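Dropping work16.cif in here (mmCIF, C-alpha atoms):
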```cif
data_run
#
loop_
_atom_site.label_atom_id
_atom_site.label_comp_id
_atom_site.auth_asym_id
_atom_site.auth_seq_id
_atom_site.Cartn_x
_atom_site.Cartn_y
_atom_site.Cartn_z
CA MET A 1 12.08 16.39 -9.60
CA GLN A 2 11.43 15.55 -5.95
CA ASN A 3 14.01 13.33 -4.28
CA ILE A 4 12.18 10.52 -2.45
CA ILE A 5 13.86 8.08 -0.05
CA LEU A 6 12.05 4.90 0.99
CA PHE A 7 13.38 4.14 4.45
CA ASP A 8 13.19 0.98 6.56
CA HIS A 9 12.12 1.02 10.18
CA PRO A 10 14.77 -1.44 11.44
CA GLU A 11 12.37 -3.34 13.74
CA ILE A 12 9.83 -3.82 10.94
CA HIS A 13 12.51 -4.85 8.44
CA GLN A 14 13.65 -7.48 10.96
CA SER A 15 10.09 -8.70 11.55
CA LEU A 16 9.70 -9.32 7.82
CA LEU A 17 12.70 -11.65 7.61
CA PRO A 18 13.46 -13.93 5.77
CA LEU A 19 11.83 -12.03 2.88
CA THR A 20 13.75 -8.84 3.69
CA PHE A 21 17.12 -10.54 4.06
CA THR A 22 17.63 -9.78 0.37
CA ARG A 23 15.72 -6.51 -0.19
CA PRO A 24 14.47 -3.31 1.40
CA THR A 25 10.90 -3.52 2.71
CA ALA A 26 9.62 -1.36 -0.15
CA ASP A 27 10.66 -4.01 -2.69
CA LEU A 28 8.18 -6.52 -1.29
CA ARG A 29 5.23 -7.30 -3.56
CA ILE A 30 1.70 -7.08 -2.23
CA GLY A 31 -1.25 -6.77 -4.58
CA ILE A 32 0.00 -6.41 -8.15
CA LEU A 33 2.91 -4.02 -7.59
CA THR A 34 5.79 -3.73 -5.15
CA ILE A 35 5.43 -1.01 -2.52
CA ARG A 36 8.00 1.12 -4.38
CA GLU A 37 6.07 0.75 -7.63
CA LYS A 38 2.87 1.87 -5.88
CA TRP A 39 4.53 5.06 -4.62
CA GLU A 40 6.11 5.76 -8.01
CA ARG A 41 2.64 5.75 -9.59
CA CYS A 42 1.14 7.99 -6.90
CA LEU A 43 4.00 10.41 -6.30
CA PRO A 44 6.41 11.08 -9.18
CA GLY A 45 10.02 11.61 -8.21
CA SER A 46 13.51 10.17 -8.11
CA TYR A 47 13.49 7.17 -5.74
CA SER A 48 16.18 5.48 -3.65
CA TYR A 49 16.40 3.54 -0.37
CA LEU A 50 17.65 3.87 3.18
CA THR A 51 18.07 0.32 4.41
CA GLU A 52 20.40 -2.12 6.18
CA SER A 53 24.10 -1.39 5.64
CA TYR A 54 24.85 -4.75 3.99
CA LEU A 55 22.11 -4.05 1.39
CA SER A 56 23.11 -0.45 0.71
CA LYS A 57 25.61 -1.19 -2.07
CA LYS A 58 22.83 -2.68 -4.20
CA TYR A 59 20.18 -0.31 -2.83
CA PRO A 60 22.03 3.00 -2.25
CA THR A 61 20.68 6.21 -0.75
CA HIS A 62 20.72 9.29 -2.98
CA THR A 63 20.32 12.49 -1.00
CA GLN A 64 19.77 16.16 -1.74
CA ALA A 65 19.58 19.15 0.59
CA CYS A 66 15.86 18.49 0.98
CA ASN A 67 14.31 15.03 0.59
CA LEU A 68 10.97 13.36 1.15
CA PHE A 69 11.39 10.32 3.40
CA VAL A 70 8.66 7.65 3.10
CA ALA A 71 8.36 4.58 5.34
CA GLY A 72 8.94 1.56 3.08
CA HIS A 73 6.39 -0.68 4.82
CA VAL A 74 3.49 1.70 4.18
CA LEU A 75 1.26 1.51 1.12
CA PRO A 76 0.11 4.83 -0.36
CA THR A 77 -3.44 6.07 0.19
CA ASP A 78 -5.09 9.24 -1.08
CA GLU A 79 -4.75 10.92 2.34
CA LEU A 80 -1.10 9.97 2.72
CA VAL A 81 -0.20 11.13 -0.79
CA ASN A 82 -2.02 14.41 -0.18
CA ILE A 83 -0.05 14.99 3.05
CA ALA A 84 3.23 14.10 1.30
CA GLN A 85 2.56 16.65 -1.44
CA LYS A 86 1.88 19.44 1.09
CA LEU A 87 4.63 18.59 3.59
CA GLN A 88 6.99 21.49 4.35
CA PRO A 89 10.70 21.16 5.29
CA GLY A 90 11.04 20.02 8.89
CA GLU A 91 7.53 18.56 9.06
CA SER A 92 6.80 14.93 9.85
CA CYS A 93 3.71 12.76 9.49
CA GLN A 94 3.43 10.04 12.14
CA SER A 95 1.16 7.19 13.17
CA ASP A 96 1.27 5.67 16.68
CA GLY A 97 4.62 7.32 17.30
CA LYS A 98 6.25 5.97 14.10
CA VAL A 99 7.52 8.34 11.42
CA ILE A 100 5.71 7.71 8.15
CA LEU A 101 6.73 10.82 6.18
CA TYR A 102 9.37 13.48 6.72
CA LYS A 103 10.68 16.33 4.59
CA GLY A 104 14.20 17.60 5.15
CA SER A 105 17.85 16.64 5.11
CA LEU A 106 19.24 13.19 5.92
CA GLU A 107 20.96 14.64 8.99
CA THR A 108 17.80 16.14 10.50
CA PHE A 109 15.84 12.96 9.66
CA GLN A 110 18.36 10.80 11.50
CA GLN A 111 18.36 13.20 14.46
CA GLN A 112 14.52 13.26 14.45
CA GLN A 113 14.51 17.07 14.43
CA PHE A 114 10.90 17.89 13.54
CA SER A 115 9.48 21.40 13.42
CA ARG A 116 5.92 20.05 13.32
CA ILE A 117 4.32 16.61 13.68
CA ILE A 118 1.15 15.75 11.76
CA GLU A 119 -0.80 12.81 13.17
CA LEU A 120 -2.30 10.58 10.50
CA LYS A 121 -6.06 10.36 11.00
CA GLU A 122 -6.83 7.21 9.02
CA PRO A 123 -5.51 3.71 9.86
CA LEU A 124 -2.28 2.84 8.09
CA PHE A 125 -2.37 0.45 5.14
CA CYS A 126 0.92 -1.27 5.83
CA ILE A 127 2.76 -4.54 6.36
CA GLU A 128 4.48 -5.07 9.70
CA MET A 129 4.43 -8.87 10.01
CA LEU A 130 4.95 -11.63 7.43
CA TYR A 131 1.31 -12.68 7.43
CA ASP A 132 0.15 -9.12 6.63
CA ILE A 133 1.28 -9.77 3.06
CA PHE A 134 -1.31 -12.46 2.36
CA LEU A 135 -3.95 -11.10 4.77
CA LYS A 136 -4.04 -7.71 3.02
CA ASN A 137 -3.43 -8.94 -0.49
CA ASP A 138 -7.10 -8.72 -1.48
CA ALA A 139 -7.33 -5.01 -0.65
CA ALA A 140 -3.94 -4.38 -2.29
CA ILE A 141 -5.00 -6.09 -5.54
CA GLU A 142 -8.18 -3.98 -5.64
CA GLN A 143 -6.19 -0.80 -5.04
CA ASP A 144 -3.50 -1.59 -7.62
CA PHE A 145 -6.05 -2.76 -10.19
CA ARG A 146 -7.69 0.65 -10.20
CA ARG A 147 -4.34 2.46 -10.36
CA ILE A 148 -3.15 0.39 -13.31
CA THR A 149 -6.33 0.11 -15.39
CA THR A 150 -8.32 3.34 -14.95
CA GLY A 151 -8.47 5.20 -18.25
CA ARG A 152 -6.96 2.31 -20.21
CA GLU A 153 -8.49 -0.27 -22.51
CA SER A 154 -7.99 -3.98 -21.94
CA ALA A 155 -7.04 -6.42 -24.67
CA PRO A 156 -10.11 -8.49 -25.64
CA LEU A 157 -10.99 -11.62 -23.67
CA SER A 158 -11.19 -14.73 -25.84
CA PRO A 159 -14.74 -16.15 -26.21
CA THR A 160 -13.38 -19.60 -25.25
CA ASN A 161 -13.48 -18.48 -21.57
CA THR A 162 -16.38 -18.72 -19.13
CA VAL A 163 -16.91 -15.64 -16.96
CA ILE A 164 -18.93 -15.82 -13.73
CA GLY A 165 -20.26 -12.66 -12.06
CA GLU A 166 -20.59 -9.02 -13.05
CA THR A 167 -17.85 -7.94 -15.46
CA THR A 168 -17.83 -4.27 -14.34
CA TYR A 169 -17.85 -2.35 -11.06
CA PRO A 170 -20.84 -0.10 -10.27
CA ASP A 171 -18.79 2.89 -11.52
CA GLY A 172 -18.30 1.18 -14.89
CA LEU A 173 -14.66 0.10 -14.48
CA PRO A 174 -14.14 -3.37 -16.03
CA LYS A 175 -13.23 -6.13 -13.54
CA ILE A 176 -11.00 -8.03 -15.99
CA PHE A 177 -7.95 -6.40 -17.53
CA ILE A 178 -5.64 -8.18 -19.96
CA GLU A 179 -2.36 -6.60 -21.02
CA GLU A 180 -0.86 -6.81 -24.49
CA GLY A 181 0.47 -10.23 -25.47
CA ALA A 182 -1.27 -12.14 -22.65
CA SER A 183 -3.01 -15.44 -23.42
CA VAL A 184 -6.17 -16.65 -21.63
CA GLU A 185 -7.99 -19.57 -23.25
CA CYS A 186 -10.69 -21.99 -22.05
CA CYS A 187 -10.58 -20.80 -18.43
CA PHE A 188 -13.25 -20.29 -15.77
CA LEU A 189 -13.00 -16.77 -14.32
CA ASN A 190 -15.10 -15.95 -11.24
CA LEU A 191 -15.38 -12.18 -10.59
CA ASN A 192 -17.79 -12.26 -7.67
CA GLU A 193 -15.14 -11.27 -5.10
CA GLY A 194 -13.04 -8.80 -7.08
CA PRO A 195 -10.96 -8.14 -10.19
CA ILE A 196 -8.65 -10.27 -12.33
CA TYR A 197 -5.49 -8.74 -13.81
CA ILE A 198 -3.40 -10.53 -16.46
CA GLY A 199 -0.02 -8.91 -17.12
CA LYS A 200 1.91 -8.52 -20.34
CA GLU A 201 2.87 -11.86 -21.96
CA ALA A 202 1.30 -13.80 -19.06
CA GLU A 203 -0.55 -17.03 -19.82
CA LEU A 204 -3.48 -18.88 -18.25
CA MET A 205 -3.55 -22.28 -19.93
CA GLU A 206 -6.74 -24.14 -20.74
CA GLY A 207 -8.76 -25.51 -17.85
CA CYS A 208 -7.62 -22.99 -15.23
CA CYS A 209 -10.23 -22.15 -12.59
CA ILE A 210 -9.60 -18.68 -11.14
CA ARG A 211 -11.47 -16.97 -8.32
CA ALA A 212 -10.82 -13.25 -7.92
CA PRO A 213 -9.13 -11.22 -6.67
CA PHE A 214 -6.23 -12.51 -8.75
CA ALA A 215 -3.17 -11.06 -10.47
CA ALA A 216 -0.73 -12.69 -12.86
CA CYS A 217 2.14 -10.29 -13.46
CA GLN A 218 4.33 -10.06 -16.56
CA HIS A 219 5.26 -13.45 -18.07
CA ALA A 220 3.59 -15.40 -15.24
CA VAL A 221 2.11 -18.78 -16.22
CA ALA A 222 -0.73 -20.82 -14.71
CA LYS A 223 -0.54 -24.32 -16.15
CA MET A 224 -3.41 -26.51 -17.36
CA GLY A 225 -6.13 -27.23 -14.84
CA CYS A 226 -4.86 -24.89 -12.11
CA LYS A 227 -7.25 -24.21 -9.23
CA ILE A 228 -6.52 -20.75 -7.85
CA TYR A 229 -8.48 -19.04 -5.08
CA GLY A 230 -8.15 -15.35 -4.23
CA ALA A 231 -6.48 -13.32 -3.10
CA THR A 232 -3.50 -14.66 -5.08
CA THR A 233 -0.66 -12.85 -6.84
CA LEU A 234 1.79 -14.47 -9.24
CA GLY A 235 4.80 -12.20 -9.54
CA PRO A 236 6.76 -11.73 -12.79
CA TYR A 237 7.93 -14.97 -14.46
CA CYS A 238 6.30 -17.22 -11.84
CA LYS A 239 4.91 -20.56 -12.99
CA VAL A 240 2.26 -22.46 -11.03
CA GLY A 241 0.23 -25.65 -11.18
CA GLY A 242 -2.05 -27.55 -8.80
CA GLU A 243 -4.02 -25.68 -6.13
CA LEU A 244 -3.28 -22.27 -4.60
CA SER A 245 -5.30 -20.17 -2.17
CA ASN A 246 -4.36 -16.67 -0.97
CA VAL A 247 -0.72 -16.92 -2.09
CA VAL A 248 1.75 -14.14 -2.92
CA MET A 249 4.74 -15.12 -5.05
CA ILE A 250 7.15 -12.19 -5.30
CA GLY A 251 8.70 -13.20 -8.64
CA TYR A 252 10.77 -15.69 -10.67
CA SER A 253 9.58 -18.69 -8.61
CA ASN A 254 7.92 -21.96 -9.58
CA LYS A 255 5.35 -24.31 -8.15
CA ALA A 256 4.68 -25.88 -11.52
CA HIS A 257 2.97 -29.13 -10.55
CA ASP A 258 0.21 -30.62 -8.40
CA GLY A 259 0.19 -29.95 -4.68
CA PHE A 260 -1.45 -27.40 -2.36
CA LEU A 261 -0.16 -24.01 -1.23
CA GLY A 262 -2.34 -21.69 0.85
CA ASN A 263 -2.01 -18.48 2.90
CA ALA A 264 1.62 -18.35 1.86
CA VAL A 265 4.36 -15.97 0.71
CA ILE A 266 7.14 -17.21 -1.59
CA GLY A 267 10.24 -15.15 -2.36
CA GLU A 268 12.19 -14.93 -5.61
CA TRP A 269 14.05 -17.78 -7.34
CA CYS A 270 12.30 -20.52 -5.34
CA ASN A 271 11.18 -23.89 -6.69
CA LEU A 272 8.66 -26.30 -5.16
CA GLY A 273 8.97 -29.78 -6.65
CA ALA A 274 6.11 -31.89 -7.99
CA GLY A 275 3.62 -32.95 -5.33
CA THR A 276 4.92 -30.53 -2.69
CA THR A 277 2.15 -29.57 -0.26
CA ALA A 278 2.14 -27.07 2.60
CA SER A 279 -0.46 -27.18 5.37
CA ASN A 280 -2.18 -23.92 6.31
CA LEU A 281 -4.42 -25.23 9.13
CA LYS A 282 -3.56 -27.24 12.24
CA ASN A 283 -5.45 -30.48 12.83
CA ASP A 284 -6.78 -29.20 16.15
CA TYR A 285 -7.72 -25.79 14.67
CA ALA A 286 -5.52 -24.13 17.27
CA GLU A 287 -4.09 -20.63 17.03
CA ILE A 288 -0.97 -20.55 14.89
CA LYS A 289 2.47 -19.57 16.14
CA LEU A 290 4.99 -18.29 13.57
CA TRP A 291 8.77 -17.95 13.79
CA HIS A 292 9.80 -14.34 14.51
CA TYR A 293 13.43 -13.54 13.77
CA PRO A 294 13.92 -10.60 16.18
CA SER A 295 12.52 -12.62 19.11
CA HIS A 296 14.37 -15.84 18.19
CA ARG A 297 11.17 -17.74 18.92
CA PHE A 298 7.66 -18.58 17.73
CA LEU A 299 5.05 -15.91 18.46
CA ARG A 300 1.27 -16.13 18.62
CA THR A 301 -0.39 -14.70 15.54
CA GLY A 302 -4.09 -14.80 16.38
CA LEU A 303 -4.54 -16.66 13.07
CA GLN A 304 -6.11 -20.00 12.29
CA PHE A 305 -4.74 -20.11 8.73
CA CYS A 306 -1.08 -19.62 7.82
CA GLY A 307 1.00 -21.63 5.39
CA LEU A 308 4.56 -21.55 4.04
CA ILE A 309 6.84 -18.50 4.19
CA MET A 310 9.91 -19.07 2.01
CA GLY A 311 12.92 -16.80 1.53
CA ASP A 312 14.70 -16.24 -1.80
CA HIS A 313 16.57 -19.03 -3.60
CA SER A 314 15.08 -21.84 -1.51
CA LYS A 315 13.97 -25.18 -2.97
CA ALA A 316 11.84 -28.20 -2.07
CA GLY A 317 12.18 -31.62 -3.70
CA ILE A 318 9.33 -33.72 -5.05
CA ASN A 319 6.55 -34.72 -2.64
CA CYS A 320 7.87 -32.51 0.18
CA MET A 321 5.47 -31.77 3.02
CA PHE A 322 5.47 -28.65 5.17
CA ASN A 323 3.77 -28.21 8.52
CA THR A 324 1.39 -25.33 9.14
CA ALA A 325 3.20 -21.96 9.35
CA THR A 326 6.68 -23.11 8.32
CA VAL A 327 9.33 -20.42 7.82
CA ILE A 328 12.18 -21.26 5.44
CA GLY A 329 15.20 -18.96 5.20
CA VAL A 330 17.34 -17.97 2.19
CA GLY A 331 19.22 -20.57 0.15
CA VAL A 332 17.59 -23.61 1.79
CA ASN A 333 17.24 -27.01 0.10
CA ILE A 334 14.54 -29.29 1.56
CA TYR A 335 14.18 -32.94 0.50
CA GLY A 336 13.12 -36.36 1.75
CA ALA A 337 10.00 -37.85 3.37
CA GLY A 338 8.19 -36.47 6.40
CA PHE A 339 7.76 -32.95 7.76
CA PRO A 340 10.84 -30.80 8.35
CA ARG A 341 10.77 -28.55 11.42
CA ASN A 342 8.71 -25.35 11.37
CA PHE A 343 11.74 -23.08 11.07
CA VAL A 344 14.80 -23.73 8.92
CA ALA A 345 17.67 -21.25 9.00
CA SER A 346 19.24 -19.88 5.82
CA PHE A 347 21.81 -21.91 3.88
CA SER A 348 20.70 -25.30 5.22
CA GLU A 349 19.94 -28.51 3.37
CA GLY A 350 18.23 -31.71 4.48
CA GLY A 351 14.92 -32.77 6.02
CA THR A 352 13.52 -34.81 8.89
CA SER A 353 16.83 -36.62 9.41
CA GLY A 354 18.60 -33.32 10.07
CA PHE A 355 20.26 -30.42 8.28
CA ASN A 356 23.74 -29.58 7.05
CA ASP A 357 25.20 -26.25 6.02
CA VAL A 358 25.11 -25.30 2.33
CA ALA A 359 28.49 -24.09 1.14
CA LEU A 360 28.37 -20.66 -0.50
CA SER A 361 30.21 -21.96 -3.55
CA LYS A 362 27.53 -24.61 -4.08
CA PHE A 363 24.76 -22.05 -3.52
CA PHE A 364 26.29 -19.60 -6.02
CA ALA A 365 26.61 -22.31 -8.67
CA THR A 366 22.91 -23.24 -8.34
CA ALA A 367 21.72 -19.61 -8.23
CA GLU A 368 23.75 -18.69 -11.32
CA LYS A 369 22.22 -21.55 -13.30
CA MET A 370 18.65 -20.67 -12.30
CA MET A 371 19.05 -16.94 -12.94
CA HIS A 372 20.80 -17.52 -16.26
CA ARG A 373 17.59 -19.09 -17.57
CA ARG A 374 16.00 -15.62 -17.25
CA ASN A 375 19.08 -13.82 -18.59
CA ILE A 376 19.76 -12.27 -15.17
CA GLU A 377 23.25 -12.19 -13.71
CA LEU A 378 24.23 -13.04 -10.15
CA THR A 379 26.54 -10.07 -9.57
CA GLU A 380 29.47 -9.67 -7.21
CA VAL A 381 27.30 -7.25 -5.19
CA ASP A 382 24.65 -9.99 -4.88
CA LYS A 383 27.31 -12.41 -3.68
CA GLU A 384 28.42 -9.95 -0.98
CA ILE A 385 24.83 -9.71 0.25
CA PHE A 386 24.50 -13.49 0.42
CA GLU A 387 27.81 -13.73 2.27
CA SER A 388 26.42 -11.35 4.88
CA ILE A 389 23.19 -13.38 5.17
CA TYR A 390 25.30 -16.54 5.47
CA HIS A 391 27.07 -15.14 8.54
CA GLN A 392 23.79 -13.88 10.03
CA ALA A 393 22.34 -17.39 9.66
CA GLU A 394 24.87 -18.73 12.17
CA ASN A 395 22.83 -17.03 14.91
CA PHE A 396 19.83 -19.24 14.11
CA LYS A 397 21.37 -22.70 13.72
#
```

What is this file in structure tokens?
Amino acid sequence: MQNIILFDHPEIHQSLLPLTFTRPTADLRIGILTIREKWERCLPGSYSYLTESYLSKKYPTHTQACNLFVAGHVLPTDELVNIAQKLQPGESCQSDGKVILYKGSLETFQQQQFSRIIELKEPLFCIEMLYDIFLKNDAAIEQDFRRITTGRESAPLSPTNTVIGETTYPDGLPKIFIEEGASVECCFLNLNEGPIYIGKEAELMEGCCIRAPFAACQHAVAKMGCKIYGATTLGPYCKVGGELSNVVMIGYSNKAHDGFLGNAVIGEWCNLGAGTTASNLKNDYAEIKLWHYPSHRFLRTGLQFCGLIMGDHSKAGINCMFNTATVIGVGVNIYGAGFPRNFVASFSEGGTSGFNDVALSKFFATAEKMMHRRNIELTEVDKEIFESIYHQAENFK
């Protein structure tokens, strides 16, 4: 079996903070699957990571004499998979000077000793900035939908639902796929802009209005009367209510009540309290600037729409309000009236009146309680990672 190592370009991993504080780039979700899961479906092998040193205990690197190195921020395409399958030892595939694929030993990879460089002809399908995740989510859902459903039969759709638009693609592939144990009753499903995927044991409660492309992963729940616009992904065990538009929730997070969330990316183990709303458009329609960790400042994005970016284990109390393009770090607790600032460093708590540090002991106690509800343990390795993030956060307070 081929040994495949998903490696992080350090500058890209840094640009995707705070989401990559707690994971390698390849563990980010875009579309239906994580980037690692996409590659596993396209290119069978034994997978591991080459990432930041403080993450390596949880995400170790397993090497052999000859390995296939794959850039963790790049989504697989037919051309890229074909090149990877034909790559010979010492050969590298690159795009705009960045290594995308390499076959060889860890030592020669780190020394950039390439016997031949293949230039990728097609544009990369990749994520390099935080907003790429929601901007490219529509194409990623379409791509994943075909990978997951081709050649398989969907569970039947209940006749209580109303379907709008063509139910199949021109090639005959159905545009709705429901996994075993999922529940979809009395919903409005609009397929005019793409497919709808409902994962195993997921539930769309009565009254939900869904516009494709849309994916609800395993055990995700959309509560009664949800209004969800594409391209939106609910990761495993996420629960949502109210109104969402072009949102990616990585997993295990909740926005279970009324309130608006648009053009946003939410990490794992987050909770947005009832009535929480995040702006995705400035009142003057001006170009949006977004916090960029490597630069220690806000950078122009060229975007008019950008909402909330929230790192893992962060929370917002009831009726919280977020300004356009707010970036929230890891382990943050927001509460109180008014708009907090557009960037809040990890392990902070407070609101418009100011922020205080969150003690690690308090953070661990909260995280353990939340994760226990899903029968997942906060391990000692996890705690070491959070301790490292805690010290990194001092540079941004």

Figure out the distance between atom CA of Gly90 of chain A and atom CA of Cys66 of chain A, please, to one decimal in Å.
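Taking atom CA of Cys66 of chain A and atom CA of Gly90 of chain A, their separation equals 9.4 Å.
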
Would you pick out the contacts of Gly338 of chain A at 8 Å or less, using all atoms listed in the file, so that residues sharing its chain but fewer than 6 positions from it are not included, and give the list as a VMD selection string?
chain A and resid 320 to 321 351 to 352

Matched chain/residue IDs from the PyMOL selection byres ((chain A and resi 366) around 12), as a list in words
Trp269, Cys270, Asn271, His313, Ser314, Lys315, Gly331, Val332, Asn333, Val358, Ala359, Leu360, Ser361, Lys362, Phe363, Phe364, Ala365, Ala367, Glu368, Lys369, Met370, Met371, His372, Arg373 and Leu378 of chain A

Between A:Arg146, A:Lys136, A:Arg116, A:Arg374, which is the closest to Ile30 of chain A once you count all atoms listed in the file?
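Checking each candidate against Ile30 of chain A, we get A:Lys136 as the closest.
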
Here atom CA of Pro294 of chain A and atom CA of Phe7 of chain A stand apart by 18.8 Å

Just the residues within 10 Å of Arg341 of chain A, please, counting all atoms listed in the file, with nothing from its chain fewer than 3 positions along; format it as a ChimeraX atom specification.
/A:322-323,326-328,338,344,351-352,354

Please list as a PyMOL selection string every residue within 6 Å of segment 244-258 of chain A, counting all atoms listed in the file and excluding residues in the same chain fewer than 4 positions away.
chain A and resi 29+228-240+262-272+274-275

Starting from the PyMOL selection byres ((chain A and resi 177-185) around 9), expand the selection into actual residues of this file and give them as a PyMOL selection string.
chain A and resi 145+149+153-161+174-176+186-187+195-208+218-219

Could you save the residues just selected, with C-alpha atoms, as a PDB file, in the frame of the given file?
```pdb
ATOM      1  CA  PHE A 145      -6.050  -2.760 -10.190  1.00  0.00           C
ATOM      2  CA  THR A 149      -6.330   0.110 -15.390  1.00  0.00           C
ATOM      3  CA  GLU A 153      -8.490  -0.270 -22.510  1.00  0.00           C
ATOM      4  CA  SER A 154      -7.990  -3.980 -21.940  1.00  0.00           C
ATOM      5  CA  ALA A 155      -7.040  -6.420 -24.670  1.00  0.00           C
ATOM      6  CA  PRO A 156     -10.110  -8.490 -25.640  1.00  0.00           C
ATOM      7  CA  LEU A 157     -10.990 -11.620 -23.670  1.00  0.00           C
ATOM      8  CA  SER A 158     -11.190 -14.730 -25.840  1.00  0.00           C
ATOM      9  CA  PRO A 159     -14.740 -16.150 -26.210  1.00  0.00           C
ATOM     10  CA  THR A 160     -13.380 -19.600 -25.250  1.00  0.00           C
ATOM     11  CA  ASN A 161     -13.480 -18.480 -21.570  1.00  0.00           C
ATOM     12  CA  PRO A 174     -14.140  -3.370 -16.030  1.00  0.00           C
ATOM     13  CA  LYS A 175     -13.230  -6.130 -13.540  1.00  0.00           C
ATOM     14  CA  ILE A 176     -11.000  -8.030 -15.990  1.00  0.00           C
ATOM     15  CA  CYS A 186     -10.690 -21.990 -22.050  1.00  0.00           C
ATOM     16  CA  CYS A 187     -10.580 -20.800 -18.430  1.00  0.00           C
ATOM     17  CA  PRO A 195     -10.960  -8.140 -10.190  1.00  0.00           C
ATOM     18  CA  ILE A 196      -8.650 -10.270 -12.330  1.00  0.00           C
ATOM     19  CA  TYR A 197      -5.490  -8.740 -13.810  1.00  0.00           C
ATOM     20  CA  ILE A 198      -3.400 -10.530 -16.460  1.00  0.00           C
ATOM     21  CA  GLY A 199      -0.020  -8.910 -17.120  1.00  0.00           C
ATOM     22  CA  LYS A 200       1.910  -8.520 -20.340  1.00  0.00           C
ATOM     23  CA  GLU A 201       2.870 -11.860 -21.960  1.00  0.00           C
ATOM     24  CA  ALA A 202       1.300 -13.800 -19.060  1.00  0.00           C
ATOM     25  CA  GLU A 203      -0.550 -17.030 -19.820  1.00  0.00           C
ATOM     26  CA  LEU A 204      -3.480 -18.880 -18.250  1.00  0.00           C
ATOM     27  CA  MET A 205      -3.550 -22.280 -19.930  1.00  0.00           C
ATOM     28  CA  GLU A 206      -6.740 -24.140 -20.740  1.00  0.00           C
ATOM     29  CA  GLY A 207      -8.760 -25.510 -17.850  1.00  0.00           C
ATOM     30  CA  CYS A 208      -7.620 -22.990 -15.230  1.00  0.00           C
ATOM     31  CA  GLN A 218       4.330 -10.060 -16.560  1.00  0.00           C
ATOM     32  CA  HIS A 219       5.260 -13.450 -18.070  1.00  0.00           C
TER      33      HIS A 219
END
```

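Between atom CA of Gln110 of chain A and atom CA of Asn395 of chain A the separation is 28.4 Å.
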
Identify all residues satisfying the PyMOL selection byres ((chain A and resi 77-83) around 10) in the given file; provide them as a VMD selection string.
chain A and resid 38 to 39 42 to 43 74 to 76 84 to 88 92 to 93 100 to 101 118 120 to 122 124 to 125 143

Can you pull out the residues contacting segment 137-139 of chain A? Cut-off 7 Å, using all atoms listed in the file, and skip same-chain residues under 2 positions away; I want them as an MDAnalysis selection string.
chainID A and resid 30:31 133:135 141:143 213 231

Select from segment 39-104 of chain A every residue with an atom at most 12 Å from any atom of segment 11-24 of chain A, then for each give the shortest pair of atoms and their distance in Å to one decimal, using all atoms listed in the file, rows by chain and rising number, as JSON lines.
```
{"residue": "A:Ser48", "atom": "CA", "partner": "A:Pro24", "partner_atom": "CA", "distance": 10.3}
{"residue": "A:Tyr49", "atom": "CA", "partner": "A:Pro24", "partner_atom": "CA", "distance": 7.3}
{"residue": "A:Leu50", "atom": "CA", "partner": "A:Pro24", "partner_atom": "CA", "distance": 8.1}
{"residue": "A:Thr51", "atom": "CA", "partner": "A:Pro24", "partner_atom": "CA", "distance": 5.9}
{"residue": "A:Glu52", "atom": "CA", "partner": "A:Pro24", "partner_atom": "CA", "distance": 7.7}
{"residue": "A:Ser53", "atom": "CA", "partner": "A:Pro24", "partner_atom": "CA", "distance": 10.7}
{"residue": "A:Tyr54", "atom": "CA", "partner": "A:Thr22", "partner_atom": "CA", "distance": 9.5}
{"residue": "A:Leu55", "atom": "CA", "partner": "A:Arg23", "partner_atom": "CA", "distance": 7.0}
{"residue": "A:Ser56", "atom": "CA", "partner": "A:Pro24", "partner_atom": "CA", "distance": 9.1}
{"residue": "A:Lys57", "atom": "CA", "partner": "A:Arg23", "partner_atom": "CA", "distance": 11.4}
{"residue": "A:Lys58", "atom": "CA", "partner": "A:Arg23", "partner_atom": "CA", "distance": 9.0}
{"residue": "A:Tyr59", "atom": "CA", "partner": "A:Pro24", "partner_atom": "CA", "distance": 7.7}
{"residue": "A:Pro60", "atom": "CA", "partner": "A:Pro24", "partner_atom": "CA", "distance": 10.5}
{"residue": "A:Thr61", "atom": "CA", "partner": "A:Pro24", "partner_atom": "CA", "distance": 11.6}
{"residue": "A:Ala71", "atom": "CA", "partner": "A:Ile12", "partner_atom": "CA", "distance": 10.2}
{"residue": "A:Gly72", "atom": "CA", "partner": "A:Pro24", "partner_atom": "CA", "distance": 7.6}
{"residue": "A:His73", "atom": "CA", "partner": "A:Ile12", "partner_atom": "CA", "distance": 7.7}
{"residue": "A:Val74", "atom": "CA", "partner": "A:Ile12", "partner_atom": "CA", "distance": 10.8}
{"residue": "A:Lys98", "atom": "CA", "partner": "A:Ile12", "partner_atom": "CA", "distance": 10.9}
```

Exercise: His391 of chain A partners within 12 Å, only C-alpha atoms, chain neighbours under 2 positions left out, as a list in words:
Phe21, Tyr54, Val330, Ala345, Ser346, Phe347, Asp357, Ala359, Leu360, Glu384, Ile385, Phe386, Glu387, Ser388, Ile389, Ala393, Glu394, Asn395, Phe396 and Lys397 of chain A

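Comparing A:Glu377, A:Gly307, A:Asp8, A:Pro44 by their smallest distance to Leu130 of chain A, the closest is A:Gly307 (using all atoms listed in the file).
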
So which one's closest to Glu91 of chain A, A:Ile5, A:Leu189, A:Ile334, A:Ile117? Using only C-alpha atoms, please.
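Closest candidate: A:Ile117.
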
With distances taken over only C-alpha atoms, which of A:Ser348, A:Asn190, A:Gln64, A:Ser115 is nearest to Pro89 of chain A?
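Closest residue, counting only C-alpha atoms: A:Ser115.
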